[in-house]
file my_file-v5.cif (mmCIF, C-alpha atoms)
data_data
loop_
_atom_site.label_atom_id
_atom_site.label_comp_id
_atom_site.auth_asym_id
_atom_site.auth_seq_id
_atom_site.Cartn_x
_atom_site.Cartn_y
_atom_site.Cartn_z
CA MET F 1 -158.46 23.76 -7.59
CA ASN F 2 -162.10 24.37 -6.59
CA ILE F 3 -163.27 22.94 -9.89
CA VAL F 4 -161.28 19.76 -9.17
CA PHE F 5 -162.88 19.44 -5.71
CA LYS F 6 -166.30 19.97 -7.30
CA ALA F 7 -165.56 17.24 -9.85
CA LEU F 8 -164.38 14.82 -7.15
CA ALA F 9 -167.32 15.58 -4.85
CA ASP F 10 -169.74 13.43 -6.81
CA PRO F 11 -169.63 9.61 -6.35
CA THR F 12 -170.62 8.97 -9.98
CA ARG F 13 -167.77 11.12 -11.27
CA ARG F 14 -165.37 9.40 -8.88
CA LYS F 15 -166.51 6.03 -10.20
CA VAL F 16 -165.96 7.24 -13.78
CA LEU F 17 -162.40 8.23 -12.88
CA GLU F 18 -161.80 4.86 -11.21
CA LEU F 19 -162.97 3.09 -14.37
CA LEU F 20 -160.72 5.28 -16.50
CA GLN F 21 -157.76 4.48 -14.25
CA GLN F 22 -157.92 0.95 -15.67
CA LYS F 23 -158.30 1.85 -19.35
CA GLN F 24 -159.75 4.38 -21.77
CA MET F 25 -163.46 3.98 -22.47
CA THR F 26 -166.07 5.39 -24.81
CA ALA F 27 -168.99 7.41 -23.45
CA GLY F 28 -171.31 4.46 -24.12
CA GLU F 29 -169.10 1.98 -22.26
CA LEU F 30 -168.89 4.29 -19.28
CA ALA F 31 -172.62 5.01 -19.30
CA GLY F 32 -173.24 1.23 -19.24
CA HIS F 33 -171.79 1.09 -15.71
CA PHE F 34 -174.35 3.53 -14.31
CA ASP F 35 -178.10 3.60 -13.94
CA VAL F 36 -178.53 7.23 -14.95
CA SER F 37 -179.83 9.01 -18.03
CA LYS F 38 -177.56 9.98 -20.92
CA PRO F 39 -177.96 13.74 -20.36
CA THR F 40 -176.91 13.27 -16.72
CA MET F 41 -173.86 11.27 -17.81
CA SER F 42 -173.02 13.95 -20.38
CA ALA F 43 -173.17 16.57 -17.63
CA HIS F 44 -170.79 14.48 -15.49
CA PHE F 45 -168.40 14.10 -18.44
CA ALA F 46 -168.54 17.85 -19.04
CA VAL F 47 -167.60 18.58 -15.42
CA LEU F 48 -164.68 16.09 -15.55
CA THR F 49 -163.44 17.49 -18.87
CA GLY F 50 -163.82 21.06 -17.60
CA ALA F 51 -161.75 20.22 -14.52
CA GLY F 52 -159.03 18.80 -16.79
CA LEU F 53 -159.24 15.37 -15.17
CA VAL F 54 -160.15 13.55 -18.37
CA GLN F 55 -159.44 14.06 -22.03
CA ALA F 56 -162.21 13.57 -24.59
CA ASP F 57 -161.38 12.51 -28.15
CA LYS F 58 -164.10 12.36 -30.75
CA GLN F 59 -163.67 9.50 -33.23
CA GLY F 60 -166.52 9.42 -35.71
CA ARG F 61 -169.71 9.23 -33.68
CA SER F 62 -168.17 8.00 -30.44
CA ILE F 63 -166.25 9.95 -27.83
CA THR F 64 -163.35 8.22 -26.09
CA TYR F 65 -162.46 9.40 -22.60
CA ARG F 66 -158.95 9.05 -21.21
CA LEU F 67 -157.58 9.82 -17.78
CA ARG F 68 -155.53 13.02 -17.49
CA MET F 69 -154.80 13.38 -13.77
CA SER F 70 -151.75 14.65 -11.92
CA VAL F 71 -150.40 12.68 -8.95
CA LEU F 72 -151.96 15.13 -6.49
CA GLU F 73 -155.36 14.82 -8.21
CA GLU F 74 -155.11 11.01 -8.02
CA ALA F 75 -154.23 11.30 -4.34
CA LEU F 76 -157.27 13.56 -3.84
CA LEU F 77 -159.42 10.99 -5.63
CA GLY F 78 -158.18 8.28 -3.28
CA PHE F 79 -158.82 10.56 -0.30
CA ALA F 80 -162.32 11.40 -1.53
CA ARG F 81 -163.03 7.71 -2.16
CA THR F 82 -161.97 6.80 1.38
CA PHE F 83 -163.52 9.65 3.35
CA GLY F 84 -166.01 11.16 0.87
CA ILE F 85 -166.17 14.83 -0.03
CA VAL F 86 -169.55 16.56 0.08
CA ILE F 87 -170.05 20.11 -1.11
CA ASN F 88 -172.38 22.14 1.08
CA ARG F 89 -175.27 23.55 -0.92
CA THR F 90 -177.00 26.79 -0.02
CA SER F 91 -180.21 27.58 -1.95
CA GLY F 92 -179.21 25.32 -4.80
CA ARG F 93 -175.89 27.08 -5.39
CA GLU F 94 -172.70 25.06 -4.90
CA ARG F 95 -170.07 26.62 -2.71
CA PRO F 96 -166.77 24.84 -3.33
CA ALA F 97 -165.15 26.86 -0.53
CA ALA F 98 -167.34 25.11 2.01
CA LEU F 99 -166.15 21.56 1.55
CA THR F 100 -166.89 19.09 4.29
CA LEU F 101 -165.72 15.55 4.79
CA LYS F 102 -167.98 12.60 5.41
CA ARG F 103 -167.19 8.96 5.97
CA SER F 104 -168.02 6.98 2.87
CA ARG F 105 -171.19 4.97 3.27
CA ALA F 106 -170.14 2.40 0.70
CA MET D 1 -158.41 29.73 -24.58
CA LYS D 2 -155.61 27.18 -25.11
CA GLU D 3 -153.15 29.99 -25.85
CA THR D 4 -154.10 31.78 -22.63
CA ALA D 5 -153.58 28.57 -20.63
CA THR D 6 -150.16 28.03 -22.28
CA ARG D 7 -149.16 31.62 -21.52
CA SER D 8 -150.24 31.44 -17.88
CA ARG D 9 -148.40 28.13 -17.50
CA LEU D 10 -145.26 29.60 -19.07
CA ALA D 11 -145.51 32.63 -16.75
CA ARG D 12 -145.88 30.29 -13.75
CA ASP D 13 -142.85 28.22 -14.81
CA ILE D 14 -140.73 31.35 -15.34
CA ALA D 15 -141.81 32.63 -11.91
CA ILE D 16 -140.78 29.31 -10.31
CA ALA D 17 -137.39 29.41 -12.09
CA ILE D 18 -136.80 33.01 -10.95
CA GLY D 19 -137.89 32.09 -7.42
CA LEU D 20 -135.41 29.19 -7.31
CA MET D 21 -132.58 31.43 -8.53
CA VAL D 22 -133.46 34.20 -6.05
CA VAL D 23 -133.59 31.78 -3.10
CA SER D 24 -130.31 30.14 -4.17
CA ALA D 25 -128.63 33.56 -4.52
CA ALA D 26 -130.03 34.63 -1.14
CA LEU D 27 -128.68 31.46 0.51
CA VAL D 28 -125.22 32.07 -0.98
CA PHE D 29 -125.37 35.73 0.10
CA LEU D 30 -126.48 34.92 3.66
CA THR D 31 -123.95 32.10 4.24
CA PRO D 32 -121.98 32.16 6.51
CA ALA D 33 -122.64 35.67 7.86
CA ALA D 34 -126.32 35.33 8.79
CA MET D 35 -126.86 31.59 8.37
CA SER D 36 -124.80 28.48 9.01
CA ARG D 37 -123.65 26.39 6.06
CA ASP D 38 -125.65 23.43 7.41
CA THR D 39 -128.90 25.40 7.52
CA SER D 40 -128.25 26.77 4.05
CA MET D 41 -127.68 23.25 2.68
CA ARG D 42 -130.79 21.97 4.42
CA ILE D 43 -133.01 24.74 3.00
CA PHE D 44 -131.63 24.13 -0.49
CA GLY D 45 -132.25 20.38 -0.17
CA ILE D 46 -135.84 20.96 0.94
CA LEU D 47 -136.35 23.38 -1.95
CA LEU D 48 -134.95 20.87 -4.42
CA GLY D 49 -137.22 18.13 -3.02
CA ALA D 50 -140.24 20.41 -3.38
CA PHE D 51 -139.24 21.14 -6.98
CA VAL D 52 -138.97 17.40 -7.76
CA ILE D 53 -142.44 16.83 -6.24
CA PHE D 54 -143.86 19.70 -8.28
CA CYS D 55 -142.39 18.42 -11.57
CA ALA D 56 -143.27 14.75 -10.96
CA ASN D 57 -146.82 15.68 -9.94
CA GLU D 58 -147.39 17.47 -13.24
CA GLY D 59 -145.57 14.80 -15.25
CA PRO D 60 -148.46 12.49 -16.20
CA LYS D 61 -150.49 15.53 -17.30
CA ALA D 62 -147.73 17.34 -19.15
CA LEU D 63 -146.69 14.45 -21.40
CA PRO D 64 -148.19 14.16 -24.93
CA PRO D 65 -151.91 13.26 -24.96
CA LEU D 66 -152.69 9.54 -24.82
CA ASP D 67 -154.46 9.61 -28.18
CA ARG D 68 -151.03 10.04 -29.78
CA VAL D 69 -149.62 6.73 -28.53
CA ARG D 70 -150.22 3.27 -30.00
CA ASP D 71 -151.05 1.52 -26.72
CA PRO D 72 -152.77 4.08 -24.48
CA VAL D 73 -153.59 1.53 -21.74
CA ALA D 74 -149.95 0.49 -21.19
CA GLU D 75 -148.74 4.08 -21.60
CA GLN D 76 -151.24 5.34 -19.01
CA ALA D 77 -150.10 2.66 -16.54
CA ARG D 78 -146.44 3.63 -17.11
CA ARG D 79 -147.17 7.34 -16.66
CA ARG D 80 -149.12 6.77 -13.47
CA PHE D 81 -146.40 4.55 -12.02
CA GLY D 82 -143.64 6.98 -13.05
CA GLY D 83 -145.50 9.98 -11.64
CA TRP D 84 -146.18 8.30 -8.31
CA ALA D 85 -142.66 6.83 -8.02
CA ILE D 86 -140.83 10.10 -8.64
CA THR D 87 -143.28 12.13 -6.52
CA LEU D 88 -142.71 9.75 -3.60
CA GLY D 89 -138.97 9.94 -4.31
CA GLY D 90 -139.23 13.73 -4.08
CA VAL D 91 -141.14 13.45 -0.79
CA ALA D 92 -138.45 11.09 0.54
CA TYR D 93 -135.72 13.53 -0.61
CA LEU D 94 -137.47 16.47 1.10
CA VAL D 95 -138.16 14.59 4.33
CA THR D 96 -134.58 13.30 4.48
CA TRP D 97 -133.23 16.85 4.21
CA LEU D 98 -135.75 17.93 6.82
CA ILE D 99 -134.97 15.37 9.52
CA ALA D 100 -131.68 13.56 8.80
CA PRO D 101 -128.35 14.83 10.19
CA VAL D 102 -126.88 17.25 7.66
CA ASN D 103 -123.78 15.10 7.05
CA ASP D 104 -125.85 11.99 6.31
CA ALA D 105 -128.64 13.68 4.35
CA PRO D 106 -126.93 14.07 0.92
CA PRO D 107 -126.19 10.37 0.25
CA ILE D 108 -129.47 9.12 1.76
CA ALA D 109 -131.61 11.70 -0.07
CA ALA D 110 -129.80 11.14 -3.37
CA ALA D 111 -130.06 7.33 -3.03
CA LEU D 112 -133.82 7.50 -2.34
CA LEU D 113 -134.44 9.82 -5.26
CA ALA D 114 -132.24 7.73 -7.57
CA LEU D 115 -134.13 4.61 -6.51
CA SER D 116 -137.46 6.19 -7.42
CA VAL D 117 -136.17 7.39 -10.80
CA ALA D 118 -134.66 3.94 -11.46
CA ALA D 119 -138.02 2.33 -10.61
CA ALA D 120 -139.83 4.65 -13.05
CA ILE D 121 -137.28 4.03 -15.83
CA GLY D 122 -137.27 0.28 -15.13
CA ARG D 123 -141.06 0.14 -15.39
CA CYS D 124 -140.94 2.00 -18.73
CA LEU D 125 -138.21 -0.27 -20.16
CA LEU D 126 -139.95 -3.40 -18.94
CA GLY D 127 -143.21 -2.30 -20.58
CA ARG D 128 -141.49 -1.46 -23.85
CA ARG D 129 -139.71 -4.82 -23.94
CA ARG D 130 -143.06 -6.57 -23.52
CA ASP D 131 -144.67 -4.47 -26.23
CA PRO D 132 -142.20 -2.65 -28.52
CA SER D 133 -145.02 -1.02 -30.52
CA THR D 134 -145.80 1.57 -27.83
CA SER D 135 -143.61 4.40 -29.11
CA ILE D 136 -145.24 7.72 -29.96
CA PRO D 137 -146.02 7.78 -33.70
CA ASP D 138 -145.77 10.87 -35.87
CA ARG D 139 -148.98 12.84 -36.02
CA PRO D 140 -150.54 12.75 -39.52
#
call {"tool": "encode", "arguments": {"input": "my_file-v5.cif", "output": "structure tokens"}}
result
Amino acid sequence: MNIVFKALADPTRRKVLELLQQKQMTAGELAGHFDVSKPTMSAHFAVLTGAGLVQADKQGRSITYRLRMSVLEEALLGFARTFGIVINRTSGRERPAALTLKRSRA
Amino acid sequence: MKETATRSRLARDIAIAIGLMVVSAALVFLTPAAMSRDTSMRIFGILLGAFVIFCANEGPKALPPLDRVRDPVAEQARRRFGGWAITLGGVAYLVTWLIAPVNDAPPIAAALLALSVAAAIGRCLLGRRRDPSTSIPDRP
């Protein structure tokens, strides 16, 4: 469950999940919605895939991402979107056990 | 890796099944000597509600991957709706058994759960009528 909290803690990853809630998208289509570098986006996709929240299917040269969330995970996403989840960082190391809640600034 | 995950999931499911049987047997054994029939029924209802929530929560994830269906967008919408509807039905079932009078709880809980299942099935049938090409094709 910690890995799911870690995945949902980042606003970019939450936005990716929100986009995938509407329809499946390729990595390029998703990256087009964000002003970040491709390696950064790849790292976000890797975290989401690792947490089992999305499913990646390689078709030729493009990778299609599809949502693969349970009801509880979707509820957590909604909760994180409303209140914001921030993972406390100590000397650069993430500690998922020390989750704190913050009001969303958006 | 995938095999390990399947094994651990199977072990978890077997443990849940054994747990349900043990609790059911314990309730039968304890009623009416150590526990009233009403309490026993209430505990079993709550347990059943929790089981429905557990199954419905996993539902959208446990179904075949979306790359195997012809219309993944419509299928994803159906799965999400079905998962949410039956999970909320399970919550309603559990809460009814928790707070309603024991004589009234069975019909109310069953009606709420049936309503949620009917909503999920209705949504699936409605989607299929709109687009009959959304069945799961055979994998090549």
call {"tool": "interface_residues", "arguments": {"input": "my_file-v5.cif", "of": "chain D", "to": "chain F", "cutoff": "12 Å", "atoms": "all atoms listed in the file", "output": "VMD selection string"}}
result
chain D and resid 5 53 to 68 71 to 88
call {"tool": "axis_aligned_box", "arguments": {"input": "my_file-v5.cif", "around": "region 69-81 of chain F", "padding_each_side": "4 Å", "output": "AutoDock Vina command-line options"}}
result
--center_x -156.7 --center_y 11.4 --center_z -7.0 --size_x 20.6 --size_y 15.4 --size_z 21.5
call {"tool": "atom_distance", "arguments": {"input": "my_file-v5.cif", "atom1": "CA of Trp97 (chain D)", "atom2": "CA of Met41 (chain D)"}}
result
8.6 Å
call {"tool": "atom_distance", "arguments": {"input": "my_file-v5.cif", "atom1": "CA of Val22 (chain D)", "atom2": "CA of Ala110 (chain D)"}}
result
23.5 Å
call {"tool": "atom_distance", "arguments": {"input": "my_file-v5.cif", "atom1": "CA of Thr39 (chain D)", "atom2": "CA of Ala26 (chain D)"}}
result
12.7 Å
call {"tool": "closest_residue", "arguments": {"input": "my_file-v5.cif", "among": "F:Lys6, F:Lys38, F:Ala46, F:Thr26", "to": "Gly60 (chain F)", "atoms": "all atoms listed in the file"}}
result
F:Thr26
call {"tool": "closest_residue", "arguments": {"input": "my_file-v5.cif", "among": "D:Ala34, D:Ala120, D:Gly89, D:Leu125", "to": "Ile108 (chain D)", "atoms": "only C-alpha atoms"}}
result
D:Gly89
call {"tool": "resolve_selection", "arguments": {"input": "my_file-v5.cif", "expression": "the PyMOL selection byres ((chain F and resi 78) around 12)", "output": "list in words"}}
result
Leu8, Ala9, Pro11, Arg14, Lys15, Leu17, Glu18, Gln21, Val71, Leu72, Glu73, Glu74, Ala75, Leu76, Leu77, Phe79, Ala80, Arg81, Thr82, Phe83, Gly84, Ile85 and Ser104 of chain F
call {"tool": "decode", "arguments": {"input": "my_file-v5.cif", "residues": "region 3-99 of chain F", "atoms": "C-alpha atoms", "output": "CSV table (one decimal), in the first residue's frame"}}
result
chain,number,residue,atom,x,y,z
F,3,ILE,CA,3.9,2.2,-3.0
F,4,VAL,CA,0.4,3.3,-3.9
F,5,PHE,CA,0.6,6.3,-1.5
F,6,LYS,CA,4.0,7.2,-3.0
F,7,ALA,CA,2.5,7.1,-6.5
F,8,LEU,CA,-0.5,9.2,-5.5
F,9,ALA,CA,1.7,11.7,-3.6
F,10,ASP,CA,2.9,13.5,-6.7
F,11,PRO,CA,0.5,16.0,-8.5
F,12,THR,CA,1.9,15.0,-11.9
F,13,ARG,CA,1.2,11.4,-11.4
F,14,ARG,CA,-2.3,12.2,-10.1
F,15,LYS,CA,-3.0,14.3,-13.2
F,16,VAL,CA,-1.8,11.3,-15.4
F,17,LEU,CA,-4.3,9.1,-13.6
F,18,GLU,CA,-7.1,11.6,-14.0
F,19,LEU,CA,-6.3,11.8,-17.8
F,20,LEU,CA,-6.3,8.0,-18.0
F,21,GLN,CA,-9.7,7.8,-16.2
F,22,GLN,CA,-11.2,9.3,-19.3
F,23,LYS,CA,-9.5,7.1,-21.9
F,24,GLN,CA,-6.3,5.2,-22.6
F,25,MET,CA,-3.4,7.3,-23.9
F,26,THR,CA,0.0,6.8,-25.4
F,27,ALA,CA,3.1,8.0,-23.6
F,28,GLY,CA,3.5,10.9,-26.1
F,29,GLU,CA,-0.1,12.0,-25.7
F,30,LEU,CA,0.2,12.0,-21.9
F,31,ALA,CA,3.6,13.8,-22.0
F,32,GLY,CA,1.9,16.5,-24.2
F,33,HIS,CA,-0.2,17.6,-21.2
F,34,PHE,CA,2.9,18.3,-19.0
F,35,ASP,CA,5.8,20.7,-19.2
F,36,VAL,CA,8.4,18.3,-18.1
F,37,SER,CA,11.2,16.4,-19.8
F,38,LYS,CA,10.7,12.9,-21.3
F,39,PRO,CA,13.0,11.2,-18.7
F,40,THR,CA,11.0,12.7,-15.9
F,41,MET,CA,7.7,11.5,-17.5
F,42,SER,CA,9.2,8.1,-18.0
F,43,ALA,CA,10.1,8.0,-14.3
F,44,HIS,CA,6.5,8.9,-13.4
F,45,PHE,CA,5.2,6.2,-15.6
F,46,ALA,CA,7.5,3.7,-14.1
F,47,VAL,CA,6.3,4.6,-10.6
F,48,LEU,CA,2.6,4.3,-11.7
F,49,THR,CA,3.3,0.9,-13.4
F,50,GLY,CA,5.2,-0.3,-10.4
F,51,ALA,CA,2.4,0.5,-8.1
F,52,GLY,CA,0.0,-1.4,-10.4
F,53,LEU,CA,-2.2,1.6,-11.0
F,54,VAL,CA,-1.7,1.6,-14.8
F,55,GLN,CA,-1.0,-1.0,-17.4
F,56,ALA,CA,1.5,-0.4,-20.1
F,57,ASP,CA,1.2,-2.1,-23.5
F,58,LYS,CA,3.9,-1.7,-26.1
F,59,GLN,CA,2.6,-1.5,-29.6
F,60,GLY,CA,5.4,-1.1,-32.1
F,61,ARG,CA,7.3,2.0,-31.0
F,62,SER,CA,4.6,3.5,-28.8
F,63,ILE,CA,3.5,2.5,-25.3
F,64,THR,CA,-0.2,2.8,-24.5
F,65,TYR,CA,-1.1,3.3,-20.9
F,66,ARG,CA,-4.4,2.2,-19.4
F,67,LEU,CA,-5.9,2.6,-16.0
F,68,ARG,CA,-5.8,-0.4,-13.7
F,69,MET,CA,-7.1,0.9,-10.4
F,70,SER,CA,-9.3,-0.7,-7.7
F,71,VAL,CA,-12.2,1.2,-6.2
F,72,LEU,CA,-10.2,1.9,-3.1
F,73,GLU,CA,-7.3,3.2,-5.1
F,74,GLU,CA,-9.7,5.5,-7.0
F,75,ALA,CA,-11.1,6.7,-3.8
F,76,LEU,CA,-7.6,7.4,-2.5
F,77,LEU,CA,-6.9,9.4,-5.7
F,78,GLY,CA,-10.0,11.5,-5.1
F,79,PHE,CA,-9.0,12.0,-1.5
F,80,ALA,CA,-5.4,13.0,-2.5
F,81,ARG,CA,-6.8,15.3,-5.2
F,82,THR,CA,-9.0,17.1,-2.7
F,83,PHE,CA,-6.7,17.3,0.3
F,84,GLY,CA,-3.3,16.6,-1.2
F,85,ILE,CA,-0.8,14.0,0.1
F,86,VAL,CA,2.8,15.0,0.7
F,87,ILE,CA,5.5,12.5,1.6
F,88,ASN,CA,7.9,13.8,4.2
F,89,ARG,CA,11.4,13.7,3.0
F,90,THR,CA,14.4,13.2,5.3
F,91,SER,CA,17.9,13.7,3.7
F,92,GLY,CA,16.5,13.0,0.3
F,93,ARG,CA,15.0,9.6,1.3
F,94,GLU,CA,11.3,9.2,1.0
F,95,ARG,CA,9.5,7.8,4.0
F,96,PRO,CA,6.1,6.5,2.9
F,97,ALA,CA,5.2,5.8,6.6
F,98,ALA,CA,5.3,9.5,7.4
F,99,LEU,CA,2.5,10.7,5.2
